[in-house]
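Engineer: You'll find target17.csv just under this line, and it carries CSV, C-alpha atoms.
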```csv
chain,number,residue,atom,x,y,z
A,27,MET,CA,20.0,-84.6,-126.1
A,28,LYS,CA,18.3,-85.4,-129.4
A,29,TYR,CA,18.2,-82.5,-131.9
A,30,VAL,CA,20.8,-80.6,-129.9
A,31,ASP,CA,23.9,-82.8,-129.3
A,32,GLU,CA,24.1,-83.9,-132.9
A,33,TYR,CA,24.3,-80.3,-134.0
A,34,ARG,CA,27.1,-79.5,-131.6
A,35,ASN,CA,29.4,-82.5,-132.4
A,36,SER,CA,32.9,-81.2,-132.4
A,37,LYS,CA,34.3,-83.9,-134.7
A,38,VAL,CA,31.6,-83.1,-137.3
A,39,ALA,CA,32.3,-79.4,-136.9
A,40,ALA,CA,36.0,-79.9,-137.4
A,41,ALA,CA,35.3,-82.0,-140.5
A,42,LEU,CA,33.0,-79.3,-141.9
A,43,ALA,CA,35.6,-76.6,-141.3
A,44,LYS,CA,38.3,-78.7,-143.0
A,45,ARG,CA,35.9,-79.2,-146.0
A,46,ILE,CA,35.3,-75.4,-146.2
A,47,GLY,CA,39.0,-74.9,-146.4
A,48,GLU,CA,39.3,-77.4,-149.2
A,49,VAL,CA,36.5,-75.7,-151.2
A,50,ALA,CA,37.5,-72.0,-150.7
A,51,SER,CA,40.1,-71.0,-153.2
A,52,ARG,CA,39.9,-67.2,-152.7
A,53,PRO,CA,38.7,-64.7,-150.2
A,54,TRP,CA,34.9,-64.6,-149.5
A,55,VAL,CA,32.9,-62.3,-147.2
A,56,LEU,CA,29.7,-63.8,-145.8
A,57,MET,CA,27.1,-62.2,-143.5
A,58,GLU,CA,24.9,-64.0,-141.0
A,59,ILE,CA,21.7,-62.0,-140.7
A,60,CYS,CA,20.4,-63.0,-137.3
A,61,GLY,CA,21.5,-62.0,-133.8
A,62,GLY,CA,21.0,-65.6,-132.6
A,63,GLN,CA,23.4,-66.8,-135.3
A,64,THR,CA,25.9,-64.1,-134.4
A,65,HIS,CA,25.9,-65.3,-130.8
A,66,SER,CA,26.3,-69.0,-131.8
A,67,ILE,CA,29.2,-68.0,-134.1
A,68,VAL,CA,31.0,-66.1,-131.4
A,69,ARG,CA,30.1,-68.4,-128.5
A,70,TYR,CA,31.4,-71.5,-130.3
A,71,GLY,CA,34.3,-69.8,-132.0
A,72,ILE,CA,33.1,-70.8,-135.5
A,73,ASP,CA,34.7,-67.8,-137.1
A,74,ARG,CA,38.0,-68.9,-135.6
A,75,ILE,CA,38.1,-72.4,-137.1
A,76,LEU,CA,37.3,-71.2,-140.6
A,77,PRO,CA,40.0,-70.9,-143.2
A,78,ARG,CA,41.4,-67.4,-143.6
A,79,GLU,CA,39.8,-67.2,-147.0
A,80,VAL,CA,36.3,-67.1,-145.4
A,81,GLU,CA,35.4,-64.0,-143.3
A,82,LEU,CA,32.2,-63.7,-141.4
A,83,VAL,CA,30.6,-60.3,-140.8
A,84,HIS,CA,27.5,-59.6,-138.6
A,85,GLY,CA,24.2,-58.3,-139.9
A,86,PRO,CA,21.3,-56.2,-138.6
A,87,GLY,CA,19.5,-59.2,-137.1
A,88,CYS,CA,18.9,-58.1,-133.5
A,89,PRO,CA,15.4,-56.6,-133.1
A,90,VAL,CA,16.2,-54.7,-129.9
A,91,CYS,CA,19.3,-53.3,-131.6
A,92,VAL,CA,17.5,-51.8,-134.6
A,93,THR,CA,14.6,-50.3,-132.7
A,94,PRO,CA,15.1,-46.6,-133.1
A,95,LEU,CA,16.1,-44.6,-130.1
A,96,GLU,CA,13.1,-42.2,-130.6
A,97,THR,CA,10.7,-45.2,-130.5
A,98,ILE,CA,12.2,-46.2,-127.2
A,99,ASP,CA,11.8,-42.6,-126.0
A,100,ARG,CA,8.2,-42.7,-127.2
A,101,ALA,CA,7.7,-45.9,-125.1
A,102,HIS,CA,9.1,-44.1,-122.1
A,103,ALA,CA,6.8,-41.0,-122.7
A,104,ILE,CA,3.8,-43.3,-122.8
A,105,ALA,CA,4.8,-45.2,-119.7
A,106,ARG,CA,5.0,-41.9,-117.8
A,107,GLU,CA,1.4,-41.0,-118.7
A,108,PRO,CA,-1.2,-41.2,-115.9
A,109,ASP,CA,-3.6,-44.2,-115.9
A,110,VAL,CA,-1.2,-46.1,-118.2
A,111,ILE,CA,-0.1,-49.7,-117.7
A,112,PHE,CA,2.9,-50.2,-120.0
A,113,THR,CA,3.7,-53.8,-120.9
A,114,SER,CA,6.7,-55.3,-122.5
A,115,PHE,CA,8.9,-58.4,-122.7
A,116,GLY,CA,11.6,-58.3,-120.0
A,117,ASP,CA,14.5,-57.6,-122.4
A,118,MET,CA,13.2,-54.1,-123.2
A,119,LEU,CA,13.2,-53.0,-119.6
A,120,ARG,CA,16.9,-52.3,-119.4
A,121,VAL,CA,17.3,-50.9,-122.9
A,122,PRO,CA,18.3,-47.2,-122.4
A,123,GLY,CA,16.5,-44.3,-124.0
A,124,SER,CA,17.9,-40.8,-124.2
A,125,ALA,CA,17.4,-40.2,-120.5
A,126,THR,CA,16.4,-43.4,-118.7
A,127,ASP,CA,15.0,-47.0,-119.1
A,128,LEU,CA,11.7,-48.7,-118.3
A,129,LEU,CA,13.1,-50.3,-115.2
A,130,GLN,CA,14.0,-46.9,-113.7
A,131,LEU,CA,10.6,-45.5,-114.7
A,132,ARG,CA,9.0,-48.4,-112.8
A,133,SER,CA,11.1,-47.6,-109.7
A,134,ARG,CA,9.8,-44.0,-109.9
A,135,GLY,CA,6.2,-45.1,-109.9
A,136,ALA,CA,5.3,-45.9,-113.5
A,137,ASP,CA,3.1,-49.0,-113.9
A,138,VAL,CA,5.5,-51.0,-116.1
A,139,ARG,CA,4.8,-54.8,-116.3
A,140,ILE,CA,6.6,-57.7,-117.9
A,141,VAL,CA,4.4,-60.0,-119.9
A,142,TYR,CA,5.3,-63.3,-121.5
A,143,ALA,CA,2.9,-63.0,-124.5
A,144,PRO,CA,1.2,-60.0,-126.2
A,145,THR,CA,-2.2,-61.5,-125.4
A,146,ASP,CA,-1.3,-61.2,-121.7
A,147,ALA,CA,-1.4,-57.5,-122.2
A,148,VAL,CA,-4.9,-57.8,-123.7
A,149,ALA,CA,-5.9,-59.8,-120.6
A,150,ILE,CA,-4.5,-57.0,-118.3
A,151,ALA,CA,-6.6,-54.5,-120.3
A,152,ARG,CA,-9.8,-56.5,-119.7
A,153,GLU,CA,-9.0,-56.7,-116.0
A,154,ASN,CA,-8.3,-52.9,-115.8
A,155,PRO,CA,-11.0,-51.2,-117.8
A,156,ASP,CA,-10.2,-47.8,-116.2
A,157,LYS,CA,-6.6,-48.0,-117.4
A,158,ARG,CA,-5.0,-47.6,-120.8
A,159,VAL,CA,-2.8,-50.7,-121.5
A,160,VAL,CA,0.0,-50.5,-124.0
A,161,PHE,CA,2.2,-53.3,-125.3
A,162,PHE,CA,5.6,-52.5,-126.9
A,163,GLY,CA,5.4,-54.6,-130.1
A,164,ILE,CA,8.9,-54.8,-131.6
A,165,GLY,CA,10.8,-57.5,-133.6
A,166,PHE,CA,11.1,-59.1,-137.0
A,167,GLU,CA,8.7,-61.3,-138.9
A,168,THR,CA,9.2,-63.9,-136.1
A,169,THR,CA,7.2,-62.0,-133.5
A,170,ALA,CA,4.7,-60.4,-135.8
A,171,PRO,CA,2.2,-63.2,-135.7
A,172,ALA,CA,1.8,-63.2,-131.9
A,173,ASN,CA,1.5,-59.4,-131.9
A,174,ALA,CA,-1.1,-59.5,-134.7
A,175,LEU,CA,-3.0,-62.1,-132.7
A,176,ALA,CA,-3.1,-59.8,-129.7
A,177,VAL,CA,-4.5,-56.8,-131.8
A,178,SER,CA,-7.0,-59.0,-133.6
A,179,GLN,CA,-8.1,-60.5,-130.3
A,180,ALA,CA,-8.5,-57.0,-128.7
A,181,ARG,CA,-10.6,-55.9,-131.6
A,182,ARG,CA,-12.8,-59.0,-131.6
A,183,LEU,CA,-13.4,-58.8,-127.9
A,184,GLY,CA,-14.0,-55.0,-127.9
A,185,VAL,CA,-11.1,-54.3,-125.6
A,186,ALA,CA,-10.9,-50.6,-126.5
A,187,ASN,CA,-8.3,-49.7,-123.8
A,188,PHE,CA,-5.6,-51.9,-125.4
A,189,SER,CA,-3.1,-50.5,-127.9
A,190,MET,CA,0.3,-51.4,-129.3
A,191,LEU,CA,3.4,-49.3,-129.9
A,192,VAL,CA,4.5,-51.0,-133.1
A,193,SER,CA,8.1,-51.1,-134.3
A,194,HIS,CA,8.3,-54.2,-136.6
A,195,VAL,CA,11.0,-54.6,-139.2
A,196,ARG,CA,11.4,-57.0,-142.2
A,197,VAL,CA,14.7,-58.7,-143.1
A,198,PRO,CA,14.6,-58.8,-147.0
A,199,PRO,CA,14.5,-55.0,-147.5
A,200,ALA,CA,17.5,-54.7,-145.1
A,201,ILE,CA,19.5,-57.3,-147.2
A,202,ASP,CA,18.4,-55.3,-150.3
A,203,ALA,CA,19.8,-52.1,-148.7
A,204,ILE,CA,23.1,-53.7,-147.8
A,205,LEU,CA,23.6,-55.1,-151.3
A,206,ASP,CA,22.7,-51.8,-152.9
A,207,ALA,CA,25.2,-49.8,-150.8
A,208,ARG,CA,28.3,-48.6,-152.7
A,209,ASP,CA,30.6,-49.8,-149.9
A,210,ASN,CA,29.1,-53.3,-149.6
A,211,ARG,CA,31.5,-56.1,-149.0
A,212,VAL,CA,29.1,-59.0,-148.5
A,213,GLN,CA,29.1,-61.7,-151.2
A,214,GLY,CA,26.9,-64.3,-149.6
A,215,PHE,CA,24.4,-64.6,-146.8
A,216,LEU,CA,23.3,-67.0,-144.1
A,217,GLY,CA,19.6,-66.4,-144.1
A,218,PRO,CA,17.6,-66.2,-140.8
A,219,GLY,CA,16.1,-69.6,-140.0
A,220,HIS,CA,13.4,-68.4,-137.6
A,221,VAL,CA,12.2,-65.6,-139.8
A,222,CYS,CA,11.9,-68.0,-142.8
A,223,ALA,CA,10.0,-70.5,-140.7
A,224,VAL,CA,7.2,-67.9,-140.6
A,225,VAL,CA,7.5,-66.2,-144.0
A,226,GLY,CA,9.1,-68.9,-146.2
A,227,THR,CA,11.8,-68.4,-148.7
A,228,GLU,CA,10.2,-66.8,-151.7
A,229,GLU,CA,11.3,-63.2,-151.0
A,230,TYR,CA,14.9,-64.5,-150.6
A,231,GLU,CA,14.7,-66.2,-154.0
A,232,GLU,CA,13.7,-62.8,-155.4
A,233,LEU,CA,16.7,-61.2,-153.7
A,234,THR,CA,19.1,-63.9,-155.0
A,235,ALA,CA,17.8,-63.4,-158.5
A,236,ARG,CA,18.0,-59.6,-158.4
A,237,HIS,CA,21.5,-59.3,-156.9
A,238,HIS,CA,23.0,-62.6,-158.0
A,239,VAL,CA,24.1,-63.4,-154.5
A,240,PRO,CA,23.8,-66.8,-152.8
A,241,ILE,CA,21.5,-67.0,-149.7
A,242,VAL,CA,21.5,-70.1,-147.6
A,243,ILE,CA,18.8,-70.3,-144.9
A,244,ALA,CA,20.5,-71.7,-141.9
A,245,GLY,CA,19.8,-72.7,-138.3
A,246,PHE,CA,21.5,-71.7,-135.1
A,247,GLU,CA,23.5,-74.6,-133.9
A,248,PRO,CA,27.2,-74.9,-134.8
A,249,ILE,CA,26.7,-77.7,-137.4
A,250,ASP,CA,23.8,-75.7,-138.9
A,251,LEU,CA,26.0,-72.7,-139.4
A,252,LEU,CA,29.0,-74.6,-140.7
A,253,GLU,CA,26.9,-76.5,-143.2
A,254,GLY,CA,25.4,-73.2,-144.3
A,255,ILE,CA,28.8,-71.6,-144.7
A,256,LEU,CA,30.0,-74.6,-146.8
A,257,MET,CA,26.9,-74.5,-149.0
A,258,THR,CA,27.4,-70.7,-149.5
A,259,VAL,CA,31.1,-71.1,-150.3
A,260,GLN,CA,30.3,-73.9,-152.7
A,261,GLN,CA,27.9,-71.7,-154.6
A,262,LEU,CA,30.4,-68.8,-154.8
A,263,GLU,CA,33.2,-71.1,-156.0
A,264,GLU,CA,30.9,-72.5,-158.7
A,265,GLY,CA,29.6,-69.1,-159.8
A,266,ARG,CA,26.1,-70.0,-158.7
A,267,ALA,CA,23.6,-67.8,-156.9
A,268,GLU,CA,20.6,-69.6,-155.4
A,269,THR,CA,18.5,-69.6,-152.3
A,270,GLU,CA,19.2,-72.9,-150.6
A,271,ASN,CA,17.7,-74.2,-147.4
A,272,GLN,CA,20.0,-75.8,-144.8
A,273,TYR,CA,17.3,-75.6,-142.1
A,274,LYS,CA,14.9,-78.0,-143.7
A,275,ARG,CA,13.8,-79.4,-140.4
A,276,THR,CA,12.1,-76.1,-139.6
A,277,VAL,CA,11.8,-74.0,-142.8
A,278,LYS,CA,9.4,-74.7,-145.6
A,279,ARG,CA,9.4,-72.7,-148.9
A,280,GLU,CA,5.8,-71.5,-148.2
A,281,GLY,CA,6.5,-70.7,-144.5
A,282,ASN,CA,3.6,-70.8,-142.0
A,283,ALA,CA,0.5,-70.0,-144.0
A,284,GLY,CA,-1.7,-69.4,-141.0
A,285,ALA,CA,0.8,-67.0,-139.4
A,286,ARG,CA,1.3,-65.1,-142.7
A,287,ARG,CA,-2.5,-64.7,-143.1
A,288,LEU,CA,-2.9,-63.3,-139.6
A,289,VAL,CA,0.0,-60.8,-140.1
A,290,ASP,CA,-1.4,-59.7,-143.5
A,291,GLU,CA,-4.8,-59.2,-141.9
A,292,VAL,CA,-3.5,-56.9,-139.1
A,293,PHE,CA,-0.4,-55.2,-140.5
A,294,GLU,CA,0.7,-53.6,-143.8
A,295,VAL,CA,4.1,-52.9,-145.2
A,296,SER,CA,5.6,-49.4,-144.5
A,297,ASP,CA,8.9,-47.6,-144.5
A,298,ARG,CA,10.8,-48.0,-141.3
A,299,LYS,CA,13.8,-46.4,-139.7
A,300,TRP,CA,16.5,-48.8,-138.3
A,301,ARG,CA,18.7,-47.7,-135.5
A,302,GLY,CA,22.3,-47.4,-136.6
A,303,ILE,CA,21.3,-47.6,-140.3
A,304,GLY,CA,18.5,-45.1,-141.1
A,305,LEU,CA,15.3,-45.3,-143.1
A,306,ILE,CA,14.9,-48.4,-145.3
A,307,PRO,CA,11.9,-48.3,-147.7
A,308,ARG,CA,9.2,-51.0,-147.2
A,309,SER,CA,11.2,-52.5,-144.3
A,310,GLY,CA,8.6,-52.2,-141.6
A,311,LEU,CA,5.1,-53.2,-140.6
A,312,ARG,CA,2.4,-50.9,-139.3
A,313,LEU,CA,-1.2,-51.5,-138.2
A,314,ARG,CA,-3.8,-51.4,-141.0
A,315,GLU,CA,-6.3,-48.5,-141.0
A,316,GLU,CA,-9.1,-50.8,-139.5
A,317,TYR,CA,-6.9,-51.5,-136.5
A,318,ARG,CA,-5.7,-47.9,-135.9
A,319,ALA,CA,-7.9,-47.7,-132.8
A,320,HIS,CA,-5.3,-49.9,-131.2
A,321,ASP,CA,-2.3,-47.9,-132.5
A,322,ALA,CA,-0.5,-46.3,-129.5
A,323,GLU,CA,1.3,-43.8,-131.7
A,324,ALA,CA,-2.1,-42.4,-132.9
A,325,LEU,CA,-3.5,-42.4,-129.4
A,326,PHE,CA,-0.7,-40.7,-127.5
A,327,ASP,CA,1.0,-37.4,-128.4
A,328,VAL,CA,4.5,-38.7,-128.8
A,329,GLN,CA,5.6,-37.7,-132.2
A,330,ALA,CA,7.7,-34.6,-131.3
A,331,ILE,CA,10.6,-36.4,-129.8
A,332,THR,CA,14.2,-35.6,-130.7
A,333,THR,CA,17.2,-37.8,-129.8
A,334,ALA,CA,21.0,-37.7,-130.2
A,335,GLU,CA,23.0,-40.8,-130.8
A,336,SER,CA,26.6,-41.1,-129.7
A,337,THR,CA,29.0,-39.9,-132.3
A,338,ALA,CA,31.6,-42.4,-130.9
A,339,CYS,CA,29.5,-45.4,-131.8
A,340,ILE,CA,30.2,-47.3,-135.0
A,341,SER,CA,27.2,-49.7,-134.7
A,342,GLY,CA,25.8,-48.7,-138.1
A,343,LEU,CA,29.0,-49.9,-139.7
A,344,VAL,CA,28.9,-53.1,-137.7
A,345,LEU,CA,25.3,-53.7,-138.7
A,346,ARG,CA,26.2,-53.4,-142.4
A,347,GLY,CA,29.2,-55.7,-142.1
A,348,LEU,CA,31.7,-52.9,-142.7
A,349,LYS,CA,33.3,-53.1,-139.3
A,350,LYS,CA,33.5,-55.6,-136.4
A,351,PRO,CA,32.9,-54.8,-132.7
A,352,SER,CA,36.6,-55.1,-132.0
A,353,ASP,CA,37.3,-52.4,-134.6
A,354,CYS,CA,35.5,-49.8,-132.4
A,355,PRO,CA,37.8,-47.6,-130.3
A,356,ALA,CA,35.1,-47.3,-127.7
A,357,PHE,CA,34.4,-51.1,-127.4
A,358,GLY,CA,35.1,-52.3,-123.8
A,359,LYS,CA,36.2,-48.9,-122.8
A,360,THR,CA,33.6,-46.2,-122.8
A,361,CYS,CA,31.0,-48.7,-124.3
A,362,ARG,CA,30.1,-51.7,-122.2
A,363,PRO,CA,26.8,-53.5,-121.6
A,364,GLU,CA,26.0,-51.6,-118.4
A,365,GLN,CA,26.7,-48.3,-120.2
A,366,PRO,CA,26.1,-48.9,-124.0
A,367,LEU,CA,26.8,-46.1,-126.5
A,368,GLY,CA,24.8,-47.6,-129.3
A,369,ALA,CA,22.6,-50.2,-130.9
A,370,THR,CA,24.8,-53.3,-131.0
A,371,MET,CA,25.8,-53.1,-127.3
A,372,VAL,CA,22.3,-52.1,-126.2
A,373,SER,CA,20.8,-55.5,-126.5
A,374,ALA,CA,22.0,-58.8,-125.2
A,375,GLU,CA,21.5,-60.2,-128.7
A,376,GLY,CA,23.7,-57.5,-130.3
A,377,ALA,CA,27.1,-58.3,-132.0
A,378,CYS,CA,29.0,-56.0,-129.6
A,379,ALA,CA,27.2,-57.7,-126.6
A,380,ALA,CA,28.2,-61.1,-128.0
A,381,TYR,CA,31.9,-60.1,-128.3
A,382,TRP,CA,31.7,-58.8,-124.7
A,383,GLN,CA,29.9,-61.9,-123.3
A,384,TYR,CA,32.1,-64.5,-124.9
A,385,GLY,CA,35.5,-62.9,-124.1
A,386,ARG,CA,36.3,-61.1,-127.3
A,387,ARG,CA,37.3,-58.2,-125.1
A,388,PRO,CA,40.5,-56.1,-125.0
A,389,ASP,CA,41.2,-56.9,-121.4
A,390,LEU,CA,40.9,-60.7,-122.1
A,391,GLU,CA,42.7,-61.0,-125.4
A,392,VAL,CA,45.9,-63.0,-125.1
A,393,ALA,CA,49.0,-61.9,-127.0
A,394,PRO,CA,51.6,-64.3,-128.4
A,395,GLY,CA,53.6,-65.8,-125.5
A,396,GLY,CA,50.6,-66.0,-123.2
A,397,GLU,CA,50.6,-62.4,-122.0
A,398,HIS,CA,47.3,-60.4,-121.9
A,399,ALA,CA,47.3,-57.6,-124.4
```
Please render this file's structure as structure tokens.
Structural biologist:
Amino acid sequence: MKYVDEYRNSKVAAALAKRIGEVASRPWVLMEICGGQTHSIVRYGIDRILPREVELVHGPGCPVCVTPLETIDRAHAIAREPDVIFTSFGDMLRVPGSATDLLQLRSRGADVRIVYAPTDAVAIARENPDKRVVFFGIGFETTAPANALAVSQARRLGVANFSMLVSHVRVPPAIDAILDARDNRVQGFLGPGHVCAVVGTEEYEELTARHHVPIVIAGFEPIDLLEGILMTVQQLEEGRAETENQYKRTVKREGNAGARRLVDEVFEVSDRKWRGIGLIPRSGLRLREEYRAHDAEALFDVQAITTAESTACISGLVLRGLKKPSDCPAFGKTCRPEQPLGATMVSAEGACAAYWQYGRRPDLEVAPGGEHA
């Protein structure tokens, strides 16, 4: 399959891993910043074919993972309101809040519907003028253009019964926070390819200059990731710190100008809380004042919500690259996908979920001699 098979060629992958081993002369810690990259790394065992000098840790790149629990609880409170049609992508229906999830709310009579695009929710609102239709708008810069389009369309068409519960986050401030932390271990980053396809690479160049840390924008296939790792290690070994683009077939320096204009028209930068990490200044997007008539948080009384995260969960440490899922005493025991304790197991895109899905599980680990641990 063109554009797929060539990026999964095992001989090329082995050659790249060998080259990384030849280049790396000392220990380096690299972080991939996207949940899709994490899943590819674990699925294809990329971290296991690297030389011992190169350690990969996993970043806060899963949008469902970092959506705060109180925001999920607000979504549930809105979905329980009378005359509300609550819409969302399917992956949010099973994400647990403090007491329940959207799927259970639907089974109890709430009108919760899966949509495949945010504009589908606008169409539902036009078809149901006697209902209040809410779309759960989460994600990184990747999904912001489609959400902005839905809000812009609702305003242009005068669809007053459509609103959006917004929980958008931005990647560069999260990298900034990781690098500013006293306990940071990360020395180089694999940048998020899909995010940079929208926003470009200029903000990453600023981060590189400010922190003197290499960032290589990488794709999601095994060869993409191994090339990105090699480029990052080469920079570190040479004492360079630049933003380089491995994912040139998709990412341009200026990003997608049309998508950026639409996002800037509808959203403005704001402080935002990340689940497992906490408040990161200027790390979120919120609706601009002229679009507040479509802001679900302003339309529904859902601010006074308190939650309690599990104290046994170490997802915050995993999201900052300080621990790995297998370091958590609860992993695979009291914390599993069907009963997650925290952010990184909540979503199918999370690092803990990846370890579970691809067999990095205590019950499947094989000890020397072939016996299960």
Engineer: Could you jot down the CA of Ile306 (chain A) to CA of Gly281 (chain A) separation for me, Å, one decimal place?
Structural biologist: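 Separation between CA of Ile306 (chain A) and CA of Gly281 (chain A): 23.8 Å.
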Engineer: (26.4, -53.8, -152.9) in this file's frame - what residues fall within 12 Å of it? Use only C-alpha atoms and give the answer as a PDB file with C-alpha atoms, keeping the file's coordinate frame.
Structural biologist:
```pdb
ATOM      1  CA  ALA A 200      17.500 -54.700-145.100  1.00  0.00           C
ATOM      2  CA  ILE A 201      19.500 -57.300-147.200  1.00  0.00           C
ATOM      3  CA  ASP A 202      18.400 -55.300-150.300  1.00  0.00           C
ATOM      4  CA  ALA A 203      19.800 -52.100-148.700  1.00  0.00           C
ATOM      5  CA  ILE A 204      23.100 -53.700-147.800  1.00  0.00           C
ATOM      6  CA  LEU A 205      23.600 -55.100-151.300  1.00  0.00           C
ATOM      7  CA  ASP A 206      22.700 -51.800-152.900  1.00  0.00           C
ATOM      8  CA  ALA A 207      25.200 -49.800-150.800  1.00  0.00           C
ATOM      9  CA  ARG A 208      28.300 -48.600-152.700  1.00  0.00           C
ATOM     10  CA  ASP A 209      30.600 -49.800-149.900  1.00  0.00           C
ATOM     11  CA  ASN A 210      29.100 -53.300-149.600  1.00  0.00           C
ATOM     12  CA  ARG A 211      31.500 -56.100-149.000  1.00  0.00           C
ATOM     13  CA  VAL A 212      29.100 -59.000-148.500  1.00  0.00           C
ATOM     14  CA  GLN A 213      29.100 -61.700-151.200  1.00  0.00           C
ATOM     15  CA  GLY A 214      26.900 -64.300-149.600  1.00  0.00           C
ATOM     16  CA  ARG A 236      18.000 -59.600-158.400  1.00  0.00           C
ATOM     17  CA  HIS A 237      21.500 -59.300-156.900  1.00  0.00           C
ATOM     18  CA  HIS A 238      23.000 -62.600-158.000  1.00  0.00           C
ATOM     19  CA  VAL A 239      24.100 -63.400-154.500  1.00  0.00           C
ATOM     20  CA  ARG A 346      26.200 -53.400-142.400  1.00  0.00           C
ATOM     21  CA  GLY A 347      29.200 -55.700-142.100  1.00  0.00           C
ATOM     22  CA  LEU A 348      31.700 -52.900-142.700  1.00  0.00           C
TER      23      LEU A 348
END
```
Engineer: If we count all atoms listed in the file and set the cut-off at 7 Å, which residues sit around Phe215 (chain A), ignoring sequence neighbours fewer than 2 positions away in its own chain? Please answer as JSON, numbers by chain.
Structural biologist: {"A": [56, 57, 58, 217, 240, 241, 242]}
Engineer: In terms of the shortest atom-to-atom distance over all atoms listed in the file, which of A:Pro144, A:Gly135, A:Pro122, A:Gly62 is closest to Phe162 (chain A)?
Structural biologist: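 Of A:Pro144, A:Gly135, A:Pro122, A:Gly62, the one nearest Phe162 (chain A) is A:Pro144, counting all atoms listed in the file.
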Engineer: Point out the residue among A:Ala170, A:Ile243, A:Leu343, A:Val328 with the least atom-to-atom distance to Ala103 (chain A), counting all atoms listed in the file.
Structural biologist: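 Ranking A:Ala170, A:Ile243, A:Leu343, A:Val328 by distance to Ala103 (chain A), first place goes to A:Val328.
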Engineer: Using only C-alpha atoms, pick whichever of A:Ser373, A:Asn282, A:Thr168, A:Asn187 has the shortest atom-to-atom distance to Pro155 (chain A).
Structural biologist: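 Closest candidate: A:Asn187.
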